[in-house]
Amino acid sequence: MKRRIIGIIFIFMGLSIIGSALFMRYSANRQQQAMLEAFEKTIQKVDEDLGNENAQSSEIEASPNAKPPSEDVNAAIGIIKIPKIDLKVAVGEGIDNNTLKYAVGHFEGTAMPGEKGNFAVAGHRSYTYSEYFNRLDELNIGDDITVKTKKGEFTYRVYEKKVVEPTEVSVLDKTKDATITLVTCTPIRVATHRLIIKGKLQ
């Protein structure tokens, strides 16, 4: 009888763990989709504003106190697209745990997309949630990474792929050219090292 009760308890514990993992993944996917949709709408609004810029210039001059359109896009600063691994993911500002649950994160202090310098981004590889960089190891030299922002779309070409120790922070150093650095844990689940993908703006 006691064994039966213990068995039932373990079953319920297992179901709870599975349910919790599924809920976290569902929540992460919803938040990520919301960020993508919000950012796409902002891009569309920027395009419309640019298209109507001349027509609206007289109105702007007549209304100097008019406020610019809202920049709030659920913390998204851009969208990364990597066709080879079928990835489209929003980029949040910062690499705190909350940001990396729902997006990939931009290392504060590094360059922004399209700018000269090192645009550095981190993302999780996880079977529970935030599995955006799970297939990052499939990238090779010559593959393209596209970053879409309010200032335009920028394409980087991979020129380096390596695995380093977690303490190897030199991968975030500034660069003379416009580059991108993608950082994630490797191997999946073990996460003893960091997989680094570097690309140069085309």
# chains A, B, ... in the order shown; residues from 1 in each chain; ligands from 1
call {"tool": "residues_around", "arguments": {"residues": "Leu201 in chain A", "least_positions_apart": "4", "cutoff": "10 Å", "atoms": "only C-alpha atoms", "output": "list in words"}}
result
Pro113, Gly114, Glu115, Lys116, Asp144, Ile145, Thr146, Phe154, Thr155, Tyr156, Arg157, Val158, Asp177, Ala178, Thr179 and Ile180 of chain A
call {"tool": "residues_around", "arguments": {"residues": "Leu87 in chain A", "least_positions_apart": "4", "cutoff": "10 Å", "atoms": "only C-alpha atoms", "output": "PyMOL selection string"}}
result
chain A and resi 79-83+132-136+145
call {"tool": "write_last_selection", "arguments": {"atoms": "C-alpha atoms", "output": "PDB file, in the first residue's frame"}}
result
ATOM      1  CA  ILE A  79      14.681  41.229 -35.182  1.00  0.00           C
ATOM      2  CA  ILE A  80      17.349  38.681 -36.065  1.00  0.00           C
ATOM      3  CA  LYS A  81      16.682  36.370 -38.996  1.00  0.00           C
ATOM      4  CA  ILE A  82      18.902  33.421 -39.910  1.00  0.00           C
ATOM      5  CA  PRO A  83      17.410  31.585 -42.916  1.00  0.00           C
ATOM      6  CA  TYR A 132      16.140  30.349 -29.911  1.00  0.00           C
ATOM      7  CA  PHE A 133      19.834  29.502 -30.342  1.00  0.00           C
ATOM      8  CA  ASN A 134      19.426  25.715 -30.195  1.00  0.00           C
ATOM      9  CA  ARG A 135      20.586  25.290 -33.794  1.00  0.00           C
ATOM     10  CA  LEU A 136      23.271  27.965 -33.766  1.00  0.00           C
ATOM     11  CA  ILE A 145      22.572  36.730 -40.464  1.00  0.00           C
TER      12      ILE A 145
END
call {"tool": "closest_residue", "arguments": {"among": "A:Val183, A:Ala191, A:Met112, A:Ile196", "to": "Glu160 in chain A", "atoms": "only C-alpha atoms"}}
result
A:Ile196
call {"tool": "select_by_dssp", "arguments": {"residues": "range 61-196 of chain A", "states": "alpha helix (DSSP H)", "output": "PyMOL selection string"}}
result
chain A and resi 61-62+97-102
call {"tool": "atom_distance", "arguments": {"atom1": "CA of Lys84 in chain A", "atom2": "CA of Asn140 in chain A"}}
result
9.7 Å
call {"tool": "residues_around", "arguments": {"residues": "Asp137 in chain A", "least_positions_apart": "4", "cutoff": "12 Å", "atoms": "only C-alpha atoms", "output": "MDAnalysis selection string"}}
result
chainID A and resid 84:85 125 132:133 141 143 160:163 182:188 194:197
call {"tool": "write_last_selection", "arguments": {"atoms": "C-alpha atoms", "output": "tab-separated table (two decimals), in the first residue's frame"}}
result
chain	number	residue	atom	x	y	z
A	84	LYS	CA	19.72	28.57	-42.66
A	85	ILE	CA	18.34	27.54	-39.27
A	125	ARG	CA	19.77	26.87	-25.79
A	132	TYR	CA	16.14	30.35	-29.91
A	133	PHE	CA	19.83	29.50	-30.34
A	141	ILE	CA	31.52	30.45	-42.42
A	143	ASP	CA	26.20	31.93	-43.85
A	160	GLU	CA	34.37	32.86	-37.57
A	161	LYS	CA	32.94	30.06	-35.43
A	162	LYS	CA	34.59	28.88	-32.24
A	163	VAL	CA	34.05	27.46	-28.75
A	182	LEU	CA	26.28	35.67	-31.25
A	183	VAL	CA	26.92	33.98	-27.90
A	184	THR	CA	25.27	30.86	-26.48
A	185	CYS	CA	26.04	27.99	-24.13
A	186	THR	CA	27.44	24.70	-25.41
A	187	PRO	CA	27.00	21.76	-25.28
A	188	ILE	CA	23.22	21.90	-24.84
A	194	ARG	CA	30.34	29.19	-24.99
A	195	LEU	CA	29.70	28.88	-28.73
A	196	ILE	CA	30.70	32.07	-30.54
A	197	ILE	CA	29.53	33.03	-34.04
call {"tool": "atom_distance", "arguments": {"atom1": "CA of Thr149 in chain A", "atom2": "CA of Val164 in chain A"}}
result
29.2 Å
call {"tool": "decode", "arguments": {"residues": "range 80-110 of chain A", "atoms": "N, CA and C atoms", "output": "short mmCIF file (atom, residue, chain, number, x, y, z; two decimals), in the first residue's frame"}}
result
data_model
loop_
_atom_site.label_atom_id
_atom_site.label_comp_id
_atom_site.auth_asym_id
_atom_site.auth_seq_id
_atom_site.Cartn_x
_atom_site.Cartn_y
_atom_site.Cartn_z
N ILE A 80 16.30 39.45 -35.40
CA ILE A 80 17.35 38.68 -36.06
C ILE A 80 16.71 37.56 -36.88
N LYS A 81 17.16 37.45 -38.13
CA LYS A 81 16.68 36.37 -39.00
C LYS A 81 17.88 35.61 -39.54
N ILE A 82 17.85 34.28 -39.38
CA ILE A 82 18.90 33.42 -39.91
C ILE A 82 18.23 32.34 -40.74
N PRO A 83 18.14 32.53 -42.05
CA PRO A 83 17.41 31.58 -42.92
C PRO A 83 17.89 30.14 -42.80
N LYS A 84 19.18 29.93 -42.66
CA LYS A 84 19.72 28.57 -42.66
C LYS A 84 19.12 27.71 -41.55
N ILE A 85 18.87 28.32 -40.39
CA ILE A 85 18.34 27.54 -39.27
C ILE A 85 16.89 27.92 -38.97
N ASP A 86 16.25 28.59 -39.92
CA ASP A 86 14.82 28.94 -39.82
C ASP A 86 14.54 29.71 -38.53
N LEU A 87 15.37 30.70 -38.25
CA LEU A 87 15.22 31.48 -37.01
C LEU A 87 14.75 32.89 -37.30
N LYS A 88 13.76 33.32 -36.55
CA LYS A 88 13.30 34.70 -36.54
C LYS A 88 12.98 35.03 -35.09
N VAL A 89 13.77 35.91 -34.48
CA VAL A 89 13.62 36.16 -33.05
C VAL A 89 13.84 37.65 -32.75
N ALA A 90 13.05 38.16 -31.81
CA ALA A 90 13.18 39.54 -31.38
C ALA A 90 14.42 39.68 -30.48
N VAL A 91 15.02 40.87 -30.55
CA VAL A 91 16.19 41.18 -29.73
C VAL A 91 15.78 42.17 -28.65
N GLY A 92 15.97 41.79 -27.39
CA GLY A 92 15.68 42.69 -26.28
C GLY A 92 16.95 43.38 -25.82
N GLU A 93 16.80 44.45 -25.05
CA GLU A 93 17.96 45.18 -24.53
C GLU A 93 18.36 44.59 -23.19
N GLY A 94 19.60 44.09 -23.09
CA GLY A 94 20.09 43.49 -21.85
C GLY A 94 20.11 41.98 -21.91
N ILE A 95 20.90 41.37 -21.02
CA ILE A 95 21.01 39.91 -20.99
C ILE A 95 20.58 39.35 -19.63
N ASP A 96 19.67 40.06 -18.96
CA ASP A 96 19.14 39.57 -17.69
C ASP A 96 18.24 38.35 -17.95
N ASN A 97 17.97 37.59 -16.92
CA ASN A 97 17.19 36.36 -17.06
C ASN A 97 15.81 36.60 -17.63
N ASN A 98 15.16 37.69 -17.23
CA ASN A 98 13.81 37.95 -17.70
C ASN A 98 13.79 38.20 -19.21
N THR A 99 14.79 38.94 -19.72
CA THR A 99 14.86 39.20 -21.16
C THR A 99 15.14 37.92 -21.93
N LEU A 100 16.08 37.11 -21.44
CA LEU A 100 16.47 35.91 -22.17
C LEU A 100 15.42 34.80 -22.11
N LYS A 101 14.42 34.96 -21.25
CA LYS A 101 13.32 34.00 -21.26
C LYS A 101 12.47 34.14 -22.51
N TYR A 102 12.35 35.38 -23.00
CA TYR A 102 11.40 35.66 -24.07
C TYR A 102 12.05 36.13 -25.37
N ALA A 103 13.37 36.33 -25.38
CA ALA A 103 14.04 36.86 -26.57
C ALA A 103 15.53 36.56 -26.46
N VAL A 104 16.29 37.01 -27.45
CA VAL A 104 17.74 37.03 -27.30
C VAL A 104 18.09 38.44 -26.85
N GLY A 105 19.21 38.59 -26.16
CA GLY A 105 19.51 39.87 -25.54
C GLY A 105 20.75 40.55 -26.07
N HIS A 106 20.67 41.88 -26.20
CA HIS A 106 21.80 42.70 -26.65
C HIS A 106 22.66 43.07 -25.45
N PHE A 107 23.97 42.81 -25.55
CA PHE A 107 24.89 43.21 -24.49
C PHE A 107 24.97 44.73 -24.45
N GLU A 108 24.51 45.32 -23.35
CA GLU A 108 24.56 46.77 -23.22
C GLU A 108 26.01 47.26 -23.29
N GLY A 109 26.20 48.33 -24.01
CA GLY A 109 27.55 48.88 -24.15
C GLY A 109 28.23 48.46 -25.44
N THR A 110 27.68 47.44 -26.11
CA THR A 110 28.23 47.07 -27.42
C THR A 110 27.47 47.83 -28.50
#
